[in-house]
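Written out below as structure tokens is the structure these notes cover.
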Amino acid sequence: MMKLYSSPTSPYGRKVRIVLLEKKIDCQLIEDIPSAADSKVASVNPLGKVPALVLDDGKPLYDSSVIVEYLDHVSPVGKLLPADHRQAVGVKRWEALADGVTDAAALIVAERRRPPELQSADWVERQQAKIERGLAALSADLGESKWCFAGHFSLADIATGCCLGYLSMRFPDFDWATRHPNLATLYAQLNERPSFVDTSLQTALRPA
Ligand SMILES: N[C@@H](CCC(=O)N[C@@H](CS)C(=O)NCC(=O)O)C(=O)O
């Protein structure tokens, strides 16, 4: 059986776990926190990052966008990327934007864990600007649509939901929902799906 190395609070790992659930693909979940002394993740991913998926033949895959594209082809159930190449690129662009906002948020979290005298306010501001611009672009692209791309549920929604879930977990006082009510509507709708409920980061949150 395939094995997924992930940590309970990883938004990228959550993206993969949601894809596995939506596509009803069996996979063994190996909880691994890359910063822990006993982490094994570097033995499967030289970058030492989760998620990493180890295939049945032992070959490891990373990063999350490569893994989810692979998984979408493993099973025809609940296709998350369109067959048409141009359309698929459209979905992957959404994913890149949502993951990019998540990256900026994760960099702020990492910066705030450094000793106060080493933290750079300028660096944090640069990341904040990426989050603001990224959310504005996601909101503008969503418009009044029910789903992010082409009127139906896709990987674009999963990536956006994981991004919003991560922001909500790490920055509970950042009120993105009032500023972008259409993203809030999408988020509420996604949070009703069993795949989102089962992987909720709020329940996974541990003291940092
Ligand atoms: N672009 C990567 C990002 C993965 C990533 O940054 N994972 C974090 C956890 S959320 C990690 O493993 N960090 C440990 C490290 O960088 O040493 C992906 O989408 O898989």
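Labels used: A, B, ... for chains in the order of the structure tokens, numbers from 1 for residues in each chain, and numbers from 1 for ligands as shown.
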
Give the residue list for ligand 1 at 8 Å, counting only C-alpha atoms and all ligand atoms, as a list in words, sorted by chain and then by residue number. Ser6, Ser7, Thr9, Ser10, Pro11, Tyr12, Gly13, Ile33, Pro34, Ser35, Leu47, Gly48, Lys49, Val50, Pro51, Ala52, Tyr62, Asp63, Ser64, Ser65, Asp99, Asp103 and Ala106 of chain A

Export, as a compact mmCIF listing (two decimals), in the first residue's frame, the selected residues with C-alpha atoms.
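Writing the result to selection-v7.txt gives the following:
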# COMPACT_ATOMS: atom_id res chain seq x y z
CA SER A 6 2.69 14.07 6.67
CA SER A 7 2.39 16.14 9.81
CA THR A 9 -0.85 20.59 10.80
CA SER A 10 0.68 20.65 7.31
CA PRO A 11 -1.65 22.46 4.90
CA TYR A 12 0.09 20.76 1.95
CA GLY A 13 -0.26 17.36 3.61
CA ILE A 33 7.01 16.09 12.03
CA PRO A 34 10.07 17.12 9.97
CA SER A 35 11.57 19.24 12.77
CA LEU A 47 14.31 18.16 0.97
CA GLY A 48 13.14 16.96 4.39
CA LYS A 49 9.61 18.19 3.80
CA VAL A 50 6.15 16.72 4.15
CA PRO A 51 4.08 15.60 2.39
CA ALA A 52 5.98 12.77 0.70
CA TYR A 62 6.99 15.11 -3.66
CA ASP A 63 5.90 17.91 -3.50
CA SER A 64 2.15 18.11 -2.86
CA SER A 65 1.23 19.34 -6.34
CA ASP A 99 -0.23 27.31 -2.21
CA ASP A 103 3.86 29.53 1.65
CA ALA A 106 4.12 29.55 6.72

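With only C-alpha atoms as the basis for measurement, A:Leu4 is the residue among A:Leu20, A:Ala96, A:Ile25, A:Leu4 that approaches Gly58 in chain A most closely.
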
Between A:Glu69, A:Asp175, A:Glu125, A:Asp26, single out the one closest to Lys92 in chain A, counting only C-alpha atoms.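 Counting only C-alpha atoms, the residue closest to Lys92 in chain A is A:Glu69.
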
Expressed in Å, the length from CA of Pro82 in chain A to CA of Asn191 in chain A is 23.0 Å

Contacts of Lys79 in chain A at 10 Å (only C-alpha atoms; same-chain gap of 5+ positions) as a CSV table (one decimal) with C-alpha atoms, in the first residue's frame:
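Dumped to result13.csv:
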chain,number,residue,atom,x,y,z
A,19,VAL,CA,-7.5,14.3,-2.5
A,22,GLU,CA,-12.3,12.5,-2.3
A,23,LYS,CA,-10.9,9.9,-4.7
A,71,LEU,CA,-3.2,10.5,-7.5
A,72,ASP,CA,-5.7,12.1,-9.9
A,73,HIS,CA,-4.5,9.7,-12.6
A,153,PHE,CA,-15.5,21.1,-7.6
A,154,SER,CA,-11.8,20.6,-8.4
A,155,LEU,CA,-8.3,20.7,-7.1

With distances taken over only C-alpha atoms, which of A:Lys59, A:Val91, A:Ile67, A:Lys3 is nearest to His152 in chain A? A:Val91

Distance criterion (only C-alpha atoms): nearest to Leu142 in chain A out of A:Cys162, A:Ala36, A:Leu53, A:Ala184: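 Closest to Leu142 in chain A of all the choices is A:Ala184.
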
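Using only C-alpha atoms, the nearest neighbour of Trp147 in chain A within the list A:Trp123, A:Tyr70, A:Tyr166, A:Trp94 is A:Trp94.
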
Have a look at CA of Val66 in chain A and CA of Tyr187 in chain A and let me know their distance in Å, one decimal.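 Between these atoms lies a distance of 23.9 Å.
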
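Between CA of Thr199 in chain A and CA of Cys163 in chain A the separation is 13.2 Å.
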
Do a neighbour search on Leu107 in chain A at 10 Å with only C-alpha atoms, toss out local chain neighbours closer than 5 positions, and write the hits as a ChimeraX atom specification. /A:101-102,112-113,123-124,127-128

Name the closest residue to Ala129 in chain A among the candidates A:Pro60, A:Pro46, A:Gly100, A:Gly78; distances are taken between atoms, counting only C-alpha atoms. A:Gly100

Give me, as a PDB file with N, CA, C and O atoms, in the first residue's frame, all polymer residues having an atom no more than 8 Å from Ile18 in chain A, counting only C-alpha atoms and skipping those fewer than 6 positions away in the same chain.
ATOM      1  N   ILE A 158      -9.883  22.578  -3.477  1.00  0.00           N
ATOM      2  CA  ILE A 158      -9.176  21.906  -2.378  1.00  0.00           C
ATOM      3  C   ILE A 158      -7.987  22.760  -1.926  1.00  0.00           C
ATOM      4  O   ILE A 158      -7.790  23.001  -0.733  1.00  0.00           O
ATOM      5  N   SER A 195     -14.394  15.115   3.606  1.00  0.00           N
ATOM      6  CA  SER A 195     -12.930  15.121   3.421  1.00  0.00           C
ATOM      7  C   SER A 195     -12.286  16.298   4.161  1.00  0.00           C
ATOM      8  O   SER A 195     -11.166  16.182   4.679  1.00  0.00           O
ATOM      9  N   PHE A 196     -12.987  17.427   4.212  1.00  0.00           N
ATOM     10  CA  PHE A 196     -12.466  18.592   4.937  1.00  0.00           C
ATOM     11  C   PHE A 196     -12.657  18.409   6.439  1.00  0.00           C
ATOM     12  O   PHE A 196     -11.769  18.739   7.233  1.00  0.00           O
ATOM     13  N   THR A 199     -10.103  16.057   8.063  1.00  0.00           N
ATOM     14  CA  THR A 199      -8.701  16.502   8.056  1.00  0.00           C
ATOM     15  C   THR A 199      -8.542  17.884   8.694  1.00  0.00           C
ATOM     16  O   THR A 199      -7.495  18.522   8.519  1.00  0.00           O
TER      17      THR A 199
END

Just the alpha helix (DSSP H) stuff from range 4-194 of chain A, please, per backbone DSSP, written as a PyMOL selection string. chain A and resi 11-22+41-44+64-74+85-112+121-142+155-170+176-179+181-190+194

Strand (DSSP E or B) residues, from DSSP on the backbone, in chain A, as JSON, numbers by chain: {"A": [3, 4, 5, 6, 28, 29, 30, 31, 52, 53, 54, 60, 61, 149, 152]}

Could you give me, as a PyMOL selection string, the residues within 10 Å of range 178-180 of chain A, counting only C-alpha atoms and dropping anything in the same chain fewer than 4 positions from it? chain A and resi 135-136+138-140+143+174+184-185

So that I can see what lies close to Asp141 in chain A, please list as a PyMOL selection string the residues with an atom at most 12 Å from it, counting only C-alpha atoms and leaving out residues fewer than 3 positions away in the same chain. chain A and resi 90-91+93-94+97-98+134-138+144-150+156-157+160+180+182-183
